[in-house]
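Trainee: Here it is: the structure, laid out below.
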Amino acid sequence: MANDFQKKTVAEPPSPSSVLYFIYQKDGDGALSYEVENGSWTTYWYGYGFELDGKQYYTGFAYDTPFKFGKAAEESDPAPDAKATITQSTFALTAPGTESPWAFLGSDRDVGEFGAYEKGNEIDKTREPQSYRTPGGNLVLAIPTWYLAAGTRVSSFDLLVFNPHELKVDDQRWVYLGNVVAGEDNGAACDEEDGGKIACVKSSGTLSFVPQEGSDLPLLRLARSGTEVVSPGKTRVLGPNDATDYRYDPAKKQYQ
C-alpha cells in the first residue's frame with residue numbers, strides 16, 4: 001500500500017527517522033529504536049499514507065516504553081502486562097514536486113496503550129490495512145497485527161481514529177480505539193500425534209465496517225473461517241453464523 005501511495009503522490013513519505021524526530025525532538029542518527037529520556041526507549045512501528053476529502057496525509061506511528069528510575073531501570077525483564085505507549089507524527093502533502101513536499105501537522109506523545117512486555121503488537125505484513133470514513137469526516141484505521149498468547153499466534157487489528165478537523169483544547173489527531181481478534185493459529189503448540197489432546201486449529205477473519213445510527217464510529221464485523229477448538233481434542237468448522245461483532249464502548253473508549 002505504501003508503494004501505491006507513493007506512486008499516486010509522486011512524493012516520498014517522511015522517513016522513519018524524521019517521524020521519530022518530530023515526535024521526540026531527539027535525533028537517533030537513523031536508528032529505528034533508541035533511548036529518548038529517563039530510560040524510555042522509542043521504536044518506529046508503522047507508516048500509513050492516505051487521502052481524505054481530497055487531501056493527502058502521511059502518519060508515522062511509534063511506541064515507547066515507560067520511564068524507569070532507580071531500581072526499576074536495572075530490571076531487564078518487563079512484565080507480561082506492561083504495555084507500550086503509542087505515539088505519532090502526521091504530515092500533509094502541500095508542495096508536491098518540491099524539496100519539501102510535506103508539511104508537519106503535529107504529533108502526539110500518548111495516543112493510547114497496547115501490546116505486552118513493553119512492546120507493541122507485531123505488524124502482519126500478509127494482510128492489508130483497512131479504513132472507514134465516518135459520517136463526521138474522521139477516519140477509522142484498522143492496522144493488521146499479531147501477537148503470541150500461550151504459544152498461539154493471534155491475528156488481530158489495532159484500531160485508531162484520525163481527526164482531520166481543527167483541533168479543540170485536549171483534542172488529538174489520533175486516538176487508539178483498542179484491539180480486536182481476527183483469528184488464531186496454534187500450529188506451534190498443538191499436538192495431535194500419539195493421542196495428544198491439543199487439536200491443531202487455524203482461523204482467520206474478514207473485517208467489515210457497519211455504520212451505526214446515532215454513532216460516528218461503526219460496528220466492526222469479523223466474518224470468521226477455518227477451525228476452532230470446542231473441547232479437548234475436538235474441533236469444528238467455522239461458518240457464516242460465527243461472525244463476531246465489536247462495538248465501541250464510550251465509557252471504556254475502546255472496541256469491545
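Numbering starts fresh at 1 for the residues of each chain in the C-alpha cells, the chains themselves are lettered A, B, ... in the order given, and ligands are numbered from 1 as they appear.
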With a distance cut-off of 10 Å and only C-alpha atoms, select the neighbouring residues of Ser18 (chain A), excluding the residue or stretch itself and same-chain residues fewer than 5 positions from it, and output the selection as a list in words.
Mentor: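 With the cut-off at 10 Å, the set is Pro13, Ile23, Gln25, Lys26, Asp27, Gly28, Gly30, Gly60 and Ser89 of chain A.
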Trainee: For the alpha helix (DSSP H) assignment from backbone DSSP, which residues of region 70-212 of chain A qualify? Please present them as a ChimeraX atom specification.
Mentor: /A:71-74
Trainee: Could you name the residues that touch Gln256 (chain A) at 7 Å or less, counting only C-alpha atoms, but leaving out those on the same chain fewer than 2 positions away, as a short mmCIF file (atom, residue, chain, number, x, y, z; two decimals) with C-alpha atoms, in the first residue's frame?
Mentor:
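Output below, filename out_1.cif:
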```cif
data_model
loop_
_atom_site.label_atom_id
_atom_site.label_comp_id
_atom_site.auth_asym_id
_atom_site.auth_seq_id
_atom_site.Cartn_x
_atom_site.Cartn_y
_atom_site.Cartn_z
CA TYR A 246 -17.33 -5.45 18.14
CA ARG A 247 -18.97 -2.22 19.27
CA TYR A 248 -17.31 0.93 20.52
CA ASP A 249 -17.78 1.43 24.27
CA GLN A 254 -12.36 1.02 23.24
#
```
Trainee: Excluding Ser33 (chain A) and any residue of its chain fewer than 2 positions from it, enumerate the residues within 7 Å of it, using only C-alpha atoms, and give them as a VMD selection string.
Mentor: chain A and resid 31 41 to 44
Trainee: When distances are computed from only C-alpha atoms, which of A:Glu37, A:Glu12, A:Asp191, A:Asp81 shows the smallest separation from Gly120 (chain A)?
Mentor: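 Using only C-alpha atoms, Gly120 (chain A) sits closest to A:Asp81.
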Trainee: With region 138-158 of chain A as the partner and 6 Å as the cut-off, tabulate the residues of region 95-130 of chain A that qualify, each row holding the nearest pair of atoms and their distance in Å to one decimal, using only C-alpha atoms, sorted by chain and rising number, as a Markdown table.
Mentor:
```
| residue | atom | partner | partner_atom | distance |
| --- | --- | --- | --- | --- |
| A:Asn121 | CA | A:Tyr147 | CA | 5.8 |
| A:Glu122 | CA | A:Trp146 | CA | 5.3 |
| A:Ile123 | CA | A:Thr145 | CA | 4.4 |
| A:Asp124 | CA | A:Thr145 | CA | 4.6 |
| A:Pro129 | CA | A:Ile143 | CA | 4.8 |
| A:Gln130 | CA | A:Ala142 | CA | 5.1 |
```
Trainee: Here is a test: counting only C-alpha atoms, which residue of A:Gly183, A:Pro80, A:Pro218, A:Pro164 is nearest to Leu105 (chain A)?
Mentor: A:Pro164
